[in-house]
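Visitor: Below is a structure I'd like to ask you about.
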Amino acid sequence: MPESNDAFGPAAAASTCQGQITEKPSHYTYLKGFRVDQCSLFLQHKCTQHRPYTCFYWHFKNQRRRRPIRKRDGLFNYNPDAYCDKYDEQTGVCANGDECPFVHRNAGDTE
């Protein structure tokens, strides 16, 4: 997974507080990429991390996450404190699509 110089990239990981790194690079990898892409191995019925579901990628559409993106105004592309009332948890579809400014809860997603 390529890293970039955005809000979750190496520059952010290198920011220090009294000389200490504030976050591990692997945490940024999860913040940026966890379950934002579909698992190609699952599509081929070859994912060994399906049961228990520990795969980094999504298997069913209702497990899919949107990649958090920091916009020019400094805010992220969705508000983590306000839930969407148009998101269907069963199908994983929102009427507003990926541009929806609200959180999509995944109550059926079990770890």
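Just remember, in the structure tokens the first chain shown is A, the second B, etc., residues are 1-based per chain, and ligands are 1-based in the order shown.
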Region 72-81 of chain A: which residues within 6 Å, counting only C-alpha atoms, same-chain residues fewer than 5 positions away excluded, as JSON, numbers by chain?
Guide: {"A": [101, 102, 103]}
Visitor: Looking only at the backbone, which of the residues in region 21-84 of chain A does DSSP tag as strand (DSSP E or B), as a list of chain:residue names?
Guide: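 So, restricting region 21-84 of chain A to strand (DSSP E or B), we get A:Ile21, A:Gln38, A:Trp58, A:Arg70, A:Phe76, A:Asn79, A:Pro80, A:Asp81, A:Ala82, A:Tyr83.
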Visitor: Can I get the selection written as a PDB file, in the first residue's frame, with N, CA and C atoms?
Guide:
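Final output, out.pdb:
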```pdb
ATOM      1  N   ILE A  21       7.534   9.996  18.735  1.00  0.00           N
ATOM      2  CA  ILE A  21       6.582   9.805  17.648  1.00  0.00           C
ATOM      3  C   ILE A  21       5.206   9.608  18.259  1.00  0.00           C
ATOM      4  N   GLN A  38     -12.011  -4.128  -1.911  1.00  0.00           N
ATOM      5  CA  GLN A  38     -12.566  -5.473  -1.893  1.00  0.00           C
ATOM      6  C   GLN A  38     -11.450  -6.511  -1.927  1.00  0.00           C
ATOM      7  N   TRP A  58     -12.508  -5.821   2.527  1.00  0.00           N
ATOM      8  CA  TRP A  58     -13.911  -6.175   2.748  1.00  0.00           C
ATOM      9  C   TRP A  58     -14.325  -7.338   1.862  1.00  0.00           C
ATOM     10  N   ARG A  70      -8.787  14.092   4.156  1.00  0.00           N
ATOM     11  CA  ARG A  70      -8.818  15.441   4.718  1.00  0.00           C
ATOM     12  C   ARG A  70      -8.920  16.434   3.563  1.00  0.00           C
ATOM     13  N   PHE A  76     -12.511  16.391   7.531  1.00  0.00           N
ATOM     14  CA  PHE A  76     -12.529  15.136   6.797  1.00  0.00           C
ATOM     15  C   PHE A  76     -13.787  15.040   5.946  1.00  0.00           C
ATOM     16  N   ASN A  79     -18.386  13.321   8.810  1.00  0.00           N
ATOM     17  CA  ASN A  79     -18.428  13.680  10.224  1.00  0.00           C
ATOM     18  C   ASN A  79     -18.548  12.404  11.060  1.00  0.00           C
ATOM     19  N   PRO A  80     -17.570  12.091  11.897  1.00  0.00           N
ATOM     20  CA  PRO A  80     -17.619  10.853  12.677  1.00  0.00           C
ATOM     21  C   PRO A  80     -18.627  10.882  13.824  1.00  0.00           C
ATOM     22  N   ASP A  81     -19.261  12.016  14.048  1.00  0.00           N
ATOM     23  CA  ASP A  81     -20.194  12.139  15.171  1.00  0.00           C
ATOM     24  C   ASP A  81     -21.659  12.123  14.757  1.00  0.00           C
ATOM     25  N   ALA A  82     -21.947  12.104  13.459  1.00  0.00           N
ATOM     26  CA  ALA A  82     -23.333  12.149  12.996  1.00  0.00           C
ATOM     27  C   ALA A  82     -23.612  10.945  12.101  1.00  0.00           C
ATOM     28  N   TYR A  83     -24.608  10.138  12.490  1.00  0.00           N
ATOM     29  CA  TYR A  83     -24.945   8.944  11.724  1.00  0.00           C
ATOM     30  C   TYR A  83     -25.878   9.273  10.565  1.00  0.00           C
TER      31      TYR A  83
END
```
Visitor: Have a look at A:His59, A:Pro68, A:Pro52, A:Thr22 and name the one nearest to Ser40 (chain A); count only C-alpha atoms.
Guide: A:His59
Visitor: Rank nothing, just name the residue among A:Cys94, A:Phe56, A:Asn106, A:Glu99 nearest to Thr29 (chain A), using only C-alpha atoms.
Guide: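 Counting only C-alpha atoms, the residue closest to Thr29 (chain A) is A:Phe56.
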Visitor: What lies within 6 Å of Tyr57 (chain A) using only C-alpha atoms, ignoring chain neighbours under 4 positions off, as JSON, numbers by chain?
Guide: {"A": [35, 37, 38, 39]}
Visitor: Please dump the current selection as a PDB file, in the first residue's frame; keep N, CA and C atoms.
Guide:
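What ended up in result32.pdb:
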```
ATOM      1  N   ARG A  35     -10.347  -2.098   5.151  1.00  0.00           N
ATOM      2  CA  ARG A  35     -11.621  -2.442   4.521  1.00  0.00           C
ATOM      3  C   ARG A  35     -12.166  -1.372   3.572  1.00  0.00           C
ATOM      4  N   ASP A  37     -10.987  -1.477   0.305  1.00  0.00           N
ATOM      5  CA  ASP A  37     -10.913  -2.183  -0.974  1.00  0.00           C
ATOM      6  C   ASP A  37     -11.462  -3.595  -0.818  1.00  0.00           C
ATOM      7  N   GLN A  38     -12.011  -4.128  -1.911  1.00  0.00           N
ATOM      8  CA  GLN A  38     -12.566  -5.473  -1.893  1.00  0.00           C
ATOM      9  C   GLN A  38     -11.450  -6.511  -1.927  1.00  0.00           C
ATOM     10  N   CYS A  39     -11.656  -7.608  -1.232  1.00  0.00           N
ATOM     11  CA  CYS A  39     -10.676  -8.695  -1.170  1.00  0.00           C
ATOM     12  C   CYS A  39     -10.749  -9.524  -2.457  1.00  0.00           C
TER      13      CYS A  39
END
```
Visitor: CA of Arg65 (chain A) and CA of Lys46 (chain A), how far apart in Å?
Guide: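 It comes out at 21.8 Å.
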